[in-house]
Structures are given as C-alpha cells and as structure tokens.
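Structure, as structure tokens:
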Amino acid sequence: MHLYTYDSAPSPRRVGLFIQYKGLDLPTTQIDMRALAHREEEFLAINPLGTVPALQTDEGPMLTEIVAICTYLEERFPEKPLMGSTPLERALVLNWDHRVHTMLMEPFAEMLRNRSAAFENRALPGPIDVEQIPALVDRGRHRYRSGLALFDEELGDKPFICGENFSQADIDLLVAIETGSWVKESLPESCTRLQAWHERCRGLLA
Ligand SMILES: N[C@@H](CCC(=O)N[C@@H](CS)C(=O)NCC(=O)O)C(=O)O
C-alpha cells in the first residue's frame with residue numbers, strides 16, 4: 001500500500017486526519033502541488049487524473065476518490081471506526097459525507113478556483129483544462145454560507161453529525177469549515193451548535 005498526497009491541500013487533509021485519528025503509519029509520498037508536481041509525467045503515470053490523494057492498493061488498483069480510500073483503509077484497519085459500525089451508521093456516514101461534498105466542498109472550490117490567476121484554465125481539478133467563470137465565486141459563497149447554516153440546524157443536539165459517534169463525516173465537515181479561511185470565510189458566531197461541535201472534534205483530533 002502506498003499513499004500519494006499533499007498534506008496541506010483540503011482533499012488530502014480529509015484522508016490525513018483519518019490516518020492520524022486511527023494512528024496509522026502508511027508509506028507516503030508528498031506530491032508538491034505548489035511546484036505543480038501533480039501535473040508532471042511522473043505522477044500522471046501513477047494517477048492519470050493528476051489528483052491527490054491517491055492510494056496504491058496492495059491488490060493493484062489505484063483508488064483516487066476519498067470515500068473509497070477511507071472505506072478501503074477502514075476494512076484493513078477496523079480499530080477506531082470512522083465509517084460506521086452498523087448498516088445505518090455506514091449509510092449515515094455516506095449520506096452526510098456526500099452533503100459535505102455537495103453543500104460545502106463544491107461551493108468552496110467554486111470560490112477558490114474561479115477567482116485567482118493561479119487557477120486560470122484550471123477551474124476544476126482533473127485531467128482537462130476548464131475555463132474559470134468568475135460569477136461562480138459569488139454563487140459559491142452563497143451556497144457555502146447556506147450550507148453552514150443548514151449543517152448547524154441539522155446538528156441539533158447531536159454530539160456528532162451522524163449521531164453519537166465521531167466519523168469521517170465529521171472529519172470532512174471540519175476540513176470544509178477550517179479551509180473556509182482560504183476564501184475569507186469563517187464559521188459565523190450564529191452557528192452555535194457547529195461552534196461547540198468544532199471544539200469537540202478538535203479535542204478528538206488533538
Ligand atoms: N477525488 C477526490 C478529490 C481530489 C481533489 O480534487 N484533489 C485536489 C487537491 S485538494 C487535486 O488533486 N487537485 C488537482 C488540480 O487542481 O489539478 C474526492 O474524492 O473528492
């Protein structure tokens with residue numbers, strides 16, 4: 001097994017915190033995204049999508065999607081479960097994780113990738129060049145802020161987003177919130193339940 005990643009980028013952080021929480025020690029190569037190493041031939045031969053994280057499995061296939069990487073690692077290292085321990089919990093992790101992706105991570109990417117020169121013609125990650133659409137910055141901001149309000153409401157009195165147990169959905173939500181600072185977004189004071197939840201999760205990841 002071998003992990004290709006770049007610790008400080010948002011998607012790799014989601015897997016990085018999974019690994020940290022479980023206390024795993026995986027052979028890892030950092031792909032320096034700032035130096036555009038993810039676009040070089042050497043890495044494209046490993047993952048033609050040019051995205052990180054990517055996990056080379058012992059069996060051969062390369063996993064490039066975070067939910068697949070976490071599911072595989074959970075099966076291999078079941079201690080301290082993060083992907084749910086019952087049929088319902090497993091479904092809830094996927095349910096909330098997908099919402100984090102569509103309601104926060106995608107809007108975050110809309111804000112980040114459609115405004116700066118660094119992402120010119122790279123408005124979407126992956127193998128094809130995609131033009132920026134500046135109007136998506138405001139749309140992304142609107143979606144991101146609405147997403148935070150929705151998560152605050154959905155959290156209600158639950159300690160964690162899926163219920164009683166800390167999960168990968170919490171890790172992904174935490175990354176989506178903490179990465180907001182990249183686009184000058186922070187967790188509003190009005191999101192009191194998310195504020196308390198954030199402290200709780202930070203304590204578990206310390
Ligand atoms: N496939 C991943 C997302 C991977 C991804 O988008 N990673 C970003 C880093 S945060 C990347 O590799 N970007 C490459 C690029 O910008 O060309 C998922 O499951 O959501």
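Letters A, B, ... mark the chains of the structure tokens in the order given; residue numbers begin at 1 per chain; ligand numbers begin at 1, in order shown.
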Output as a tab-separated table one row per residue of chain A within 6 Å of ligand 1: the closest atom pair and its distance in Å to one decimal place, counting only C-alpha atoms and all ligand atoms, sorted by chain and residue number ascending.
residue	atom	partner	partner_atom_place_in_ligand_line	distance
A:Ala9	CA	ligand 1	10 (S)	4.7
A:Pro10	CA	ligand 1	10 (S)	4.6
A:Ser11	CA	ligand 1	10 (S)	4.1
A:Gly50	CA	ligand 1	14 (C)	5.9
A:Thr51	CA	ligand 1	12 (O)	3.1
A:Val52	CA	ligand 1	12 (O)	4.0
A:Thr64	CA	ligand 1	1 (N)	5.4
A:Glu65	CA	ligand 1	19 (O)	3.4
A:Ile66	CA	ligand 1	19 (O)	3.9
A:Pro125	CA	ligand 1	15 (C)	3.9
A:Gly126	CA	ligand 1	17 (O)	5.1
Using N, CA, C and O atoms, can you write the selected residues to a file as a JSON list (two decimals), in the first residue's frame?
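Generated file (again10.json):
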[["chain", "number", "residue", "atom", "x", "y", "z"],
["A", 9, "ALA", "N", -3.29, 20.40, 1.36],
["A", 9, "ALA", "CA", -4.45, 20.65, 0.49],
["A", 9, "ALA", "C", -5.71, 20.04, 1.12],
["A", 9, "ALA", "O", -5.62, 19.05, 1.84],
["A", 10, "PRO", "N", -6.88, 20.63, 0.84],
["A", 10, "PRO", "CA", -8.10, 20.21, 1.53],
["A", 10, "PRO", "C", -8.45, 18.73, 1.37],
["A", 10, "PRO", "O", -8.71, 18.05, 2.36],
["A", 11, "SER", "N", -8.48, 18.23, 0.14],
["A", 11, "SER", "CA", -8.88, 16.82, -0.03],
["A", 11, "SER", "C", -7.89, 15.88, 0.65],
["A", 11, "SER", "O", -8.30, 14.96, 1.38],
["A", 50, "GLY", "N", -4.30, 13.15, -12.19],
["A", 50, "GLY", "CA", -3.46, 14.21, -11.64],
["A", 50, "GLY", "C", -4.02, 14.79, -10.35],
["A", 50, "GLY", "O", -3.80, 15.96, -10.04],
["A", 51, "THR", "N", -4.74, 13.98, -9.59],
["A", 51, "THR", "CA", -5.30, 14.47, -8.32],
["A", 51, "THR", "C", -4.69, 13.71, -7.14],
["A", 51, "THR", "O", -4.25, 12.56, -7.28],
["A", 52, "VAL", "N", -4.70, 14.37, -6.01],
["A", 52, "VAL", "CA", -4.32, 13.74, -4.74],
["A", 52, "VAL", "C", -5.48, 13.96, -3.77],
["A", 52, "VAL", "O", -6.18, 14.97, -3.86],
["A", 64, "THR", "N", -8.68, 6.66, -6.19],
["A", 64, "THR", "CA", -8.48, 8.11, -6.33],
["A", 64, "THR", "C", -9.57, 8.92, -5.64],
["A", 64, "THR", "O", -9.47, 10.14, -5.61],
["A", 65, "GLU", "N", -10.62, 8.26, -5.13],
["A", 65, "GLU", "CA", -11.71, 9.00, -4.50],
["A", 65, "GLU", "C", -11.64, 8.80, -2.99],
["A", 65, "GLU", "O", -11.43, 7.67, -2.50],
["A", 66, "ILE", "N", -11.84, 9.89, -2.26],
["A", 66, "ILE", "CA", -11.60, 9.85, -0.81],
["A", 66, "ILE", "C", -12.49, 8.84, -0.11],
["A", 66, "ILE", "O", -12.04, 8.09, 0.76],
["A", 125, "PRO", "N", -10.48, 20.48, -10.79],
["A", 125, "PRO", "CA", -9.33, 19.58, -10.74],
["A", 125, "PRO", "C", -9.52, 18.47, -11.76],
["A", 125, "PRO", "O", -10.64, 18.19, -12.18],
["A", 126, "GLY", "N", -8.42, 17.85, -12.16],
["A", 126, "GLY", "CA", -8.56, 16.71, -13.07],
["A", 126, "GLY", "C", -7.79, 16.90, -14.35],
["A", 126, "GLY", "O", -7.02, 17.86, -14.50]]
Mind running range 45-132 of chain A against range 26-38 of chain A at 12 Å and telling me each contacting residue's nearest atom pair with the distance in Å (one decimal), counting only C-alpha atoms, chain and number ascending, as JSON lines?
{"residue": "A:Ala45", "atom": "CA", "partner": "A:His38", "partner_atom": "CA", "distance": 10.3}
{"residue": "A:Ile46", "atom": "CA", "partner": "A:His38", "partner_atom": "CA", "distance": 9.9}
{"residue": "A:Asn47", "atom": "CA", "partner": "A:His38", "partner_atom": "CA", "distance": 8.8}
{"residue": "A:Pro48", "atom": "CA", "partner": "A:His38", "partner_atom": "CA", "distance": 9.6}
{"residue": "A:Leu49", "atom": "CA", "partner": "A:His38", "partner_atom": "CA", "distance": 9.0}
{"residue": "A:Gly50", "atom": "CA", "partner": "A:His38", "partner_atom": "CA", "distance": 5.2}
{"residue": "A:Thr51", "atom": "CA", "partner": "A:His38", "partner_atom": "CA", "distance": 6.6}
{"residue": "A:Val52", "atom": "CA", "partner": "A:His38", "partner_atom": "CA", "distance": 7.7}
{"residue": "A:Pro53", "atom": "CA", "partner": "A:Ile31", "partner_atom": "CA", "distance": 9.1}
{"residue": "A:Ala54", "atom": "CA", "partner": "A:Thr29", "partner_atom": "CA", "distance": 10.1}
{"residue": "A:Leu55", "atom": "CA", "partner": "A:Thr28", "partner_atom": "CA", "distance": 9.2}
{"residue": "A:Gln56", "atom": "CA", "partner": "A:Thr28", "partner_atom": "CA", "distance": 10.1}
{"residue": "A:Thr57", "atom": "CA", "partner": "A:Leu26", "partner_atom": "CA", "distance": 11.3}
{"residue": "A:Asp58", "atom": "CA", "partner": "A:Pro27", "partner_atom": "CA", "distance": 11.8}
{"residue": "A:Leu73", "atom": "CA", "partner": "A:Leu26", "partner_atom": "CA", "distance": 10.3}
{"residue": "A:Arg76", "atom": "CA", "partner": "A:Leu26", "partner_atom": "CA", "distance": 11.9}
{"residue": "A:Phe77", "atom": "CA", "partner": "A:Leu26", "partner_atom": "CA", "distance": 11.4}
{"residue": "A:Ala118", "atom": "CA", "partner": "A:Arg34", "partner_atom": "CA", "distance": 9.9}
{"residue": "A:Phe119", "atom": "CA", "partner": "A:Leu36", "partner_atom": "CA", "distance": 11.5}
{"residue": "A:Pro125", "atom": "CA", "partner": "A:His38", "partner_atom": "CA", "distance": 10.5}
{"residue": "A:Gly126", "atom": "CA", "partner": "A:His38", "partner_atom": "CA", "distance": 9.9}
{"residue": "A:Pro127", "atom": "CA", "partner": "A:His38", "partner_atom": "CA", "distance": 10.3}
Kindly save the residues from that selection, with C-alpha atoms included, as a PDB file, in the first residue's frame.
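As a result, out-v6.pdb now contains:
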ATOM      1  CA  ALA A  45       1.809   7.802 -14.822  1.00  0.00           C
ATOM      2  CA  ILE A  46       0.669   6.918 -11.292  1.00  0.00           C
ATOM      3  CA  ASN A  47      -2.710   8.718 -11.363  1.00  0.00           C
ATOM      4  CA  PRO A  48      -3.729   9.937 -14.835  1.00  0.00           C
ATOM      5  CA  LEU A  49      -6.297  12.257 -13.210  1.00  0.00           C
ATOM      6  CA  GLY A  50      -3.458  14.213 -11.639  1.00  0.00           C
ATOM      7  CA  THR A  51      -5.299  14.467  -8.321  1.00  0.00           C
ATOM      8  CA  VAL A  52      -4.324  13.740  -4.740  1.00  0.00           C
ATOM      9  CA  PRO A  53      -4.908  11.825  -2.594  1.00  0.00           C
ATOM     10  CA  ALA A  54      -4.398   8.535  -4.424  1.00  0.00           C
ATOM     11  CA  LEU A  55      -3.872   5.197  -2.747  1.00  0.00           C
ATOM     12  CA  GLN A  56      -1.997   2.366  -4.419  1.00  0.00           C
ATOM     13  CA  THR A  57      -3.636  -0.769  -3.012  1.00  0.00           C
ATOM     14  CA  ASP A  58      -1.727  -3.964  -2.269  1.00  0.00           C
ATOM     15  CA  LEU A  73      -8.481   1.674   4.905  1.00  0.00           C
ATOM     16  CA  ARG A  76      -7.954  -3.035   6.512  1.00  0.00           C
ATOM     17  CA  PHE A  77      -7.674  -1.212   9.854  1.00  0.00           C
ATOM     18  CA  ALA A 118      -3.254  30.543 -10.028  1.00  0.00           C
ATOM     19  CA  PHE A 119      -6.256  28.535 -11.254  1.00  0.00           C
ATOM     20  CA  PRO A 125      -9.333  19.579 -10.736  1.00  0.00           C
ATOM     21  CA  GLY A 126      -8.564  16.714 -13.073  1.00  0.00           C
ATOM     22  CA  PRO A 127      -7.098  15.906 -16.447  1.00  0.00           C
TER      23      PRO A 127
END
Quick one: DSSP alpha helix (DSSP H) residues in range 21-204 of chain A, as JSON, numbers by chain?
-> {"A": [21, 22, 41, 42, 43, 44, 66, 67, 68, 69, 70, 71, 72, 73, 74, 75, 76, 87, 88, 89, 90, 91, 92, 93, 94, 95, 96, 97, 98, 99, 100, 106, 107, 108, 109, 110, 111, 112, 113, 135, 136, 137, 138, 139, 140, 141, 142, 143, 144, 145, 146, 147, 148, 149, 150, 151, 152, 153, 154, 155, 168, 169, 170, 171, 172, 173, 174, 175, 176, 177, 178, 192, 193, 194, 195, 196, 197, 198, 199, 200, 201, 202, 203, 204]}
Go ahead and write the selection's residues with C-alpha atoms as a JSON list (two decimals), in the first residue's frame.
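Writing the result to selection.json gives the following:
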[["chain", "number", "residue", "atom", "x", "y", "z"],
["A", 21, "TYR", "CA", -7.07, 9.59, 14.18],
["A", 22, "LYS", "CA", -6.52, 5.88, 13.59],
["A", 41, "GLU", "CA", 4.55, 12.99, -16.25],
["A", 42, "GLU", "CA", 5.93, 11.07, -13.31],
["A", 43, "PHE", "CA", 2.77, 11.49, -11.22],
["A", 44, "LEU", "CA", 0.37, 11.27, -14.19],
["A", 66, "ILE", "CA", -11.60, 9.85, -0.81],
["A", 67, "VAL", "CA", -14.66, 7.88, 0.18],
["A", 68, "ALA", "CA", -13.17, 4.79, -1.50],
["A", 69, "ILE", "CA", -9.77, 5.33, 0.14],
["A", 70, "CYS", "CA", -11.35, 5.69, 3.59],
["A", 71, "THR", "CA", -13.61, 2.66, 3.05],
["A", 72, "TYR", "CA", -10.65, 0.52, 2.00],
["A", 73, "LEU", "CA", -8.48, 1.67, 4.91],
["A", 74, "GLU", "CA", -11.33, 1.11, 7.36],
["A", 75, "GLU", "CA", -11.69, -2.50, 6.16],
["A", 76, "ARG", "CA", -7.95, -3.04, 6.51],
["A", 87, "PRO", "CA", -25.75, -0.72, 8.42],
["A", 88, "LEU", "CA", -27.50, 2.51, 9.40],
["A", 89, "GLU", "CA", -24.33, 4.19, 10.66],
["A", 90, "ARG", "CA", -22.46, 3.27, 7.49],
["A", 91, "ALA", "CA", -25.29, 4.73, 5.40],
["A", 92, "LEU", "CA", -25.38, 7.89, 7.52],
["A", 93, "VAL", "CA", -21.65, 8.47, 7.10],
["A", 94, "LEU", "CA", -22.07, 8.31, 3.31],
["A", 95, "ASN", "CA", -25.21, 10.45, 3.47],
["A", 96, "TRP", "CA", -23.58, 13.27, 5.42],
["A", 97, "ASP", "CA", -20.28, 12.95, 3.68],
["A", 98, "HIS", "CA", -21.97, 13.45, 0.33],
["A", 99, "ARG", "CA", -23.77, 16.51, 1.68],
["A", 100, "VAL", "CA", -20.48, 17.95, 2.96],
["A", 106, "GLU", "CA", -18.02, 22.17, -4.08],
["A", 107, "PRO", "CA", -19.07, 25.72, -3.16],
["A", 108, "PHE", "CA", -15.63, 26.24, -1.57],
["A", 109, "ALA", "CA", -14.00, 25.08, -4.81],
["A", 110, "GLU", "CA", -16.24, 27.41, -6.81],
["A", 111, "MET", "CA", -14.98, 30.36, -4.74],
["A", 112, "LEU", "CA", -11.34, 29.32, -4.78],
["A", 113, "ARG", "CA", -10.88, 28.16, -8.33],
["A", 135, "ALA", "CA", -19.75, 34.64, -11.45],
["A", 136, "LEU", "CA", -19.39, 31.29, -9.68],
["A", 137, "VAL", "CA", -17.41, 32.98, -6.88],
["A", 138, "ASP", "CA", -20.49, 34.75, -5.52],
["A", 139, "ARG", "CA", -22.67, 31.72, -6.13],
["A", 140, "GLY", "CA", -20.18, 29.54, -4.26],
["A", 141, "ARG", "CA", -20.13, 31.98, -1.33],
["A", 142, "HIS", "CA", -23.93, 31.96, -1.14],
["A", 143, "ARG", "CA", -24.02, 28.14, -1.28],
["A", 144, "TYR", "CA", -21.23, 27.78, 1.30],
["A", 145, "ARG", "CA", -22.88, 30.13, 3.83],
["A", 146, "SER", "CA", -26.27, 28.48, 3.32],
["A", 147, "GLY", "CA", -24.61, 25.08, 3.75],
["A", 148, "LEU", "CA", -23.10, 26.09, 7.12],
["A", 149, "ALA", "CA", -26.49, 27.29, 8.38],
["A", 150, "LEU", "CA", -28.06, 24.02, 7.27],
["A", 151, "PHE", "CA", -25.42, 21.91, 8.99],
["A", 152, "ASP", "CA", -25.84, 23.95, 12.18],
["A", 153, "GLU", "CA", -29.56, 23.24, 12.14],
["A", 154, "GLU", "CA", -29.14, 19.56, 11.23],
["A", 155, "LEU", "CA", -26.61, 19.02, 14.01],
["A", 168, "GLN", "CA", -15.36, 10.53, 8.71],
["A", 169, "ALA", "CA", -18.34, 12.80, 8.00],
["A", 170, "ASP", "CA", -17.21, 14.94, 10.98],
["A", 171, "ILE", "CA", -13.64, 14.99, 9.66],
["A", 172, "ASP", "CA", -14.83, 16.08, 6.23],
["A", 173, "LEU", "CA", -17.12, 18.74, 7.72],
["A", 174, "LEU", "CA", -14.24, 20.01, 9.87],
["A", 175, "VAL", "CA", -11.95, 20.31, 6.85],
["A", 176, "ALA", "CA", -14.69, 22.06, 4.84],
["A", 177, "ILE", "CA", -15.11, 24.59, 7.66],
["A", 178, "GLU", "CA", -11.43, 25.14, 8.51],
["A", 192, "THR", "CA", -23.53, 27.97, 17.96],
["A", 193, "ARG", "CA", -24.05, 24.23, 17.57],
["A", 194, "LEU", "CA", -21.33, 23.95, 14.97],
["A", 195, "GLN", "CA", -19.02, 26.05, 17.16],
["A", 196, "ALA", "CA", -19.42, 23.60, 20.07],
["A", 197, "TRP", "CA", -19.15, 20.60, 17.72],
["A", 198, "HIS", "CA", -15.91, 22.03, 16.28],
["A", 199, "GLU", "CA", -14.35, 22.21, 19.76],
["A", 200, "ARG", "CA", -15.46, 18.63, 20.44],
["A", 201, "CYS", "CA", -13.93, 17.31, 17.19],
["A", 202, "ARG", "CA", -10.71, 19.30, 17.66],
["A", 203, "GLY", "CA", -10.35, 17.62, 21.07],
["A", 204, "LEU", "CA", -10.59, 14.18, 19.47]]
Sel. of strand (DSSP E or B) residues, range 88-197 of chain A, as a PyMOL selection string | chain A and resi 122+130+160+163
Find, counting only C-alpha atoms, the residue in A:Leu17, A:Ser116, A:Gly60, A:Lys80 that gets nearest to Trp182 in chain A.
->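 Closest candidate: A:Ser116.
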